[in-house]
Amino acid sequence: MHLHLVLPGLLWPGTQTADPAGGLDLPALERLLGHGRLRTSAPTGADDWLHAAFALDPQQVSAAALRRLGEEDAGTPSGGADWLCADPVGLSFAREHLILADASTLDIAAGEAAALIDALNDTFADVGRFEAATPERWYLRPAEPPAARFVPLLQAVGRPVARSLPEGADASRWQRVTSEIQIMLHNHPVNRAREEAGRPLINSLWLWGGGHVPASARSPLPAVQAASPEVRGLARAAGIDPRTPNPIDALTTPTLVVLEHLARPALHLDLDAWRNGLAALEREWYVPVLDALKTGRLKTLILSAPGTRATLELTLSARNLWKFWQRPRSLDALHKTLP
């Protein structure tokens, strides 16, 4: 049996932090790191790594279409349909720059999202059709495919918005549309009520990820487990029904498991959340996986960790555990070998 764990954010990106995992009790992970064959390569974004793993060109993939396809309750996009993520965000001034905060900081209620989506569709019917799969993840099916390049949301969060504007043939049109959307949102009763209550405003949408669902996706393994809609959409594009991550089920058939406990904490340099995520992964995954290797229920483990400092790949077979001369290796010891 073969298991492939993908762990974006496993390698802590903050080079100034000494021993980020120091003091954590991670014996199962350290045993895996010490007995496996380790290889590091150039830094890779998790999305690009996953797209390549599913035989897709990362430069040609539509994040919006894949994420839309991976939503649980939003239906399935029709073939060939173009999509944009139209995620609700908050804009505020900081040191003379307009800075973007994503929806995770806004605490948007389902009723607020529904009211704003209705207003967007009433006002901007000529632009396309808006919908909210969840209060934090919104979409636009544009009336015409945009001839513009949009900056992914995660690359814009916390940065001056002026550095992340659309580019391309009709970029000016989409900048104008976005400005008009901001005016409508600012004047909407939902935001007036939020302002009176001292809550942050939902005062813009971030458009990104345009395109349609790829027709050529191929999964590297017969089963896929993932929680995020982006990865679940990849699986569905490859004709696989994705499952929720579960170590018991993952050990019954060759499975690709994407575990994103560490991705957001690493992105935001939230060390406490990252350490908590490591401890959870130790309990929920590393311990049962190590036990499965010891007992022979698992023959081969591959662990991939795409990151901004390096991309790590570990390969471990059950027989490697019998090499008594190899010692456990801490994650911090591994960090010290990275550029």
# chains A, B, ... in the order shown; residues from 1 in each chain; ligands from 1
>>> residues_around(residues="A:Pro247", least_positions_apart="6", cutoff="8 Å", atoms="only C-alpha atoms", output="PyMOL selection string")
chain A and resi 284-285+288-289
>>> residues_around(residues="A:Asn320", least_positions_apart="4", cutoff="12 Å", atoms="only C-alpha atoms", output="PyMOL selection string")
chain A and resi 31-37+290+293-294+296+299-301+315-316+324-327
>>> write_last_selection(atoms="C-alpha atoms", output="mmCIF file, in the first residue's frame")
data_model
loop_
_atom_site.group_PDB
_atom_site.id
_atom_site.type_symbol
_atom_site.label_atom_id
_atom_site.label_comp_id
_atom_site.auth_asym_id
_atom_site.auth_seq_id
_atom_site.Cartn_x
_atom_site.Cartn_y
_atom_site.Cartn_z
ATOM 1 C CA ARG A 31 11.492 9.021 13.248
ATOM 2 C CA LEU A 32 10.106 9.484 9.740
ATOM 3 C CA LEU A 33 12.591 12.273 8.977
ATOM 4 C CA GLY A 34 15.502 10.266 10.345
ATOM 5 C CA HIS A 35 14.824 7.027 8.481
ATOM 6 C CA GLY A 36 13.541 8.346 5.175
ATOM 7 C CA ARG A 37 15.462 9.396 2.089
ATOM 8 C CA LEU A 290 4.495 5.316 11.573
ATOM 9 C CA LEU A 293 4.852 1.232 8.509
ATOM 10 C CA LYS A 294 6.013 -0.764 11.529
ATOM 11 C CA GLY A 296 3.548 -3.658 7.391
ATOM 12 C CA LYS A 299 4.692 -0.349 2.388
ATOM 13 C CA THR A 300 5.772 3.081 1.107
ATOM 14 C CA LEU A 301 5.338 6.647 2.314
ATOM 15 C CA THR A 315 10.561 8.677 0.696
ATOM 16 C CA LEU A 316 10.344 5.920 3.281
ATOM 17 C CA PHE A 324 18.978 0.733 13.582
ATOM 18 C CA TRP A 325 22.020 2.903 12.900
ATOM 19 C CA GLN A 326 19.814 5.722 11.608
ATOM 20 C CA ARG A 327 18.618 8.143 14.253
#
>>> closest_residue(among="A:Ala42, A:Leu116, A:Ala94, A:Ala147", to="A:Pro339", atoms="only C-alpha atoms")
A:Ala42
>>> residues_around(residues="A:Ala156", least_positions_apart="3", cutoff="10 Å", atoms="only C-alpha atoms", output="PyMOL selection string")
chain A and resi 99-102+151-153+159-165+206
>>> write_last_selection(atoms="C-alpha atoms", output="short mmCIF file (atom, residue, chain, number, x, y, z; two decimals), in the first residue's frame")
data_model
loop_
_atom_site.label_atom_id
_atom_site.label_comp_id
_atom_site.auth_asym_id
_atom_site.auth_seq_id
_atom_site.Cartn_x
_atom_site.Cartn_y
_atom_site.Cartn_z
CA ILE A 99 -4.02 47.64 2.43
CA LEU A 100 -6.14 44.54 1.80
CA ALA A 101 -7.45 42.15 4.48
CA ASP A 102 -9.07 38.90 3.40
CA VAL A 151 -3.09 38.81 -8.86
CA PRO A 152 -4.01 35.86 -6.57
CA LEU A 153 -5.59 36.90 -3.29
CA ARG A 159 0.25 44.47 0.77
CA PRO A 160 -0.46 47.85 -0.87
CA VAL A 161 -3.32 47.30 -3.31
CA ALA A 162 -1.74 49.61 -5.89
CA ARG A 163 0.98 47.01 -6.49
CA SER A 164 -1.53 44.25 -7.29
CA LEU A 165 -3.90 45.77 -9.84
CA TRP A 206 -10.85 40.78 -5.03
#
>>> residues_around(residues="A:Val127", least_positions_apart="2", cutoff="6 Å", atoms="only C-alpha atoms", output="PyMOL selection string")
chain A and resi 124-125+142-143
>>> write_last_selection(atoms="all heavy atoms", output="PDB file, in the first residue's frame")
ATOM      1  N   PHE A 124     -24.983  44.908 -11.225  1.00  0.00           N
ATOM      2  CA  PHE A 124     -23.937  44.607 -12.211  1.00  0.00           C
ATOM      3  C   PHE A 124     -24.303  43.404 -13.082  1.00  0.00           C
ATOM      4  O   PHE A 124     -23.449  42.568 -13.387  1.00  0.00           O
ATOM      5  CB  PHE A 124     -22.607  44.360 -11.490  1.00  0.00           C
ATOM      6  CG  PHE A 124     -22.104  45.547 -10.720  1.00  0.00           C
ATOM      7  CD1 PHE A 124     -22.305  45.629  -9.346  1.00  0.00           C
ATOM      8  CD2 PHE A 124     -21.471  46.597 -11.366  1.00  0.00           C
ATOM      9  CE1 PHE A 124     -21.857  46.723  -8.630  1.00  0.00           C
ATOM     10  CE2 PHE A 124     -21.027  47.699 -10.657  1.00  0.00           C
ATOM     11  CZ  PHE A 124     -21.217  47.773  -9.282  1.00  0.00           C
ATOM     12  N   ALA A 125     -25.569  43.358 -13.492  1.00  0.00           N
ATOM     13  CA  ALA A 125     -26.014  42.244 -14.329  1.00  0.00           C
ATOM     14  C   ALA A 125     -25.243  42.185 -15.644  1.00  0.00           C
ATOM     15  O   ALA A 125     -25.048  41.105 -16.211  1.00  0.00           O
ATOM     16  CB  ALA A 125     -27.505  42.356 -14.598  1.00  0.00           C
ATOM     17  N   PRO A 142     -18.314  35.652 -15.410  1.00  0.00           N
ATOM     18  CA  PRO A 142     -18.370  36.886 -16.210  1.00  0.00           C
ATOM     19  C   PRO A 142     -19.158  36.694 -17.500  1.00  0.00           C
ATOM     20  O   PRO A 142     -19.174  35.603 -18.087  1.00  0.00           O
ATOM     21  CB  PRO A 142     -16.898  37.183 -16.500  1.00  0.00           C
ATOM     22  CG  PRO A 142     -16.206  35.881 -16.361  1.00  0.00           C
ATOM     23  CD  PRO A 142     -16.963  35.090 -15.335  1.00  0.00           C
ATOM     24  N   ALA A 143     -19.804  37.775 -17.921  1.00  0.00           N
ATOM     25  CA  ALA A 143     -20.562  37.731 -19.168  1.00  0.00           C
ATOM     26  C   ALA A 143     -19.646  37.481 -20.359  1.00  0.00           C
ATOM     27  O   ALA A 143     -20.037  36.834 -21.333  1.00  0.00           O
ATOM     28  CB  ALA A 143     -21.328  39.041 -19.351  1.00  0.00           C
TER      29      ALA A 143
END
>>> residues_around(residues="A:Thr295", least_positions_apart="6", cutoff="12 Å", atoms="only C-alpha atoms", output="list in words")
Leu251, Pro288, Val289, Ser317, Ala318, Arg319, Leu321 and Trp322 of chain A
>>> write_last_selection(atoms="N, CA, C and O atoms", output="PDB file, in the first residue's frame")
ATOM      1  N   LEU A 251      -5.197   4.472   4.649  1.00  0.00           N
ATOM      2  CA  LEU A 251      -4.323   3.311   4.715  1.00  0.00           C
ATOM      3  C   LEU A 251      -4.954   2.058   4.109  1.00  0.00           C
ATOM      4  O   LEU A 251      -4.433   0.961   4.271  1.00  0.00           O
ATOM      5  N   PRO A 288      -0.142   7.384  13.561  1.00  0.00           N
ATOM      6  CA  PRO A 288      -0.741   6.215  12.880  1.00  0.00           C
ATOM      7  C   PRO A 288       0.007   5.789  11.626  1.00  0.00           C
ATOM      8  O   PRO A 288       0.073   4.593  11.313  1.00  0.00           O
ATOM      9  N   VAL A 289       0.596   6.723  10.903  1.00  0.00           N
ATOM     10  CA  VAL A 289       1.356   6.358   9.708  1.00  0.00           C
ATOM     11  C   VAL A 289       2.605   5.577  10.093  1.00  0.00           C
ATOM     12  O   VAL A 289       2.942   4.558   9.464  1.00  0.00           O
ATOM     13  N   SER A 317      10.299   3.515   3.069  1.00  0.00           N
ATOM     14  CA  SER A 317       9.649   2.205   2.972  1.00  0.00           C
ATOM     15  C   SER A 317       9.666   1.542   4.336  1.00  0.00           C
ATOM     16  O   SER A 317      10.436   1.930   5.233  1.00  0.00           O
ATOM     17  N   ALA A 318       8.830   0.540   4.512  1.00  0.00           N
ATOM     18  CA  ALA A 318       8.726  -0.128   5.803  1.00  0.00           C
ATOM     19  C   ALA A 318      10.074  -0.702   6.251  1.00  0.00           C
ATOM     20  O   ALA A 318      10.423  -0.653   7.434  1.00  0.00           O
ATOM     21  N   ARG A 319      10.853  -1.207   5.308  1.00  0.00           N
ATOM     22  CA  ARG A 319      12.125  -1.841   5.697  1.00  0.00           C
ATOM     23  C   ARG A 319      13.153  -0.810   6.161  1.00  0.00           C
ATOM     24  O   ARG A 319      14.107  -1.173   6.862  1.00  0.00           O
ATOM     25  N   LEU A 321      12.799   1.320   8.391  1.00  0.00           N
ATOM     26  CA  LEU A 321      12.705   1.482   9.840  1.00  0.00           C
ATOM     27  C   LEU A 321      13.602   0.505  10.597  1.00  0.00           C
ATOM     28  O   LEU A 321      13.892   0.716  11.776  1.00  0.00           O
ATOM     29  N   TRP A 322      14.034  -0.551   9.924  1.00  0.00           N
ATOM     30  CA  TRP A 322      14.880  -1.535  10.580  1.00  0.00           C
ATOM     31  C   TRP A 322      16.363  -1.167  10.547  1.00  0.00           C
ATOM     32  O   TRP A 322      17.199  -1.880  11.105  1.00  0.00           O
TER      33      TRP A 322
END
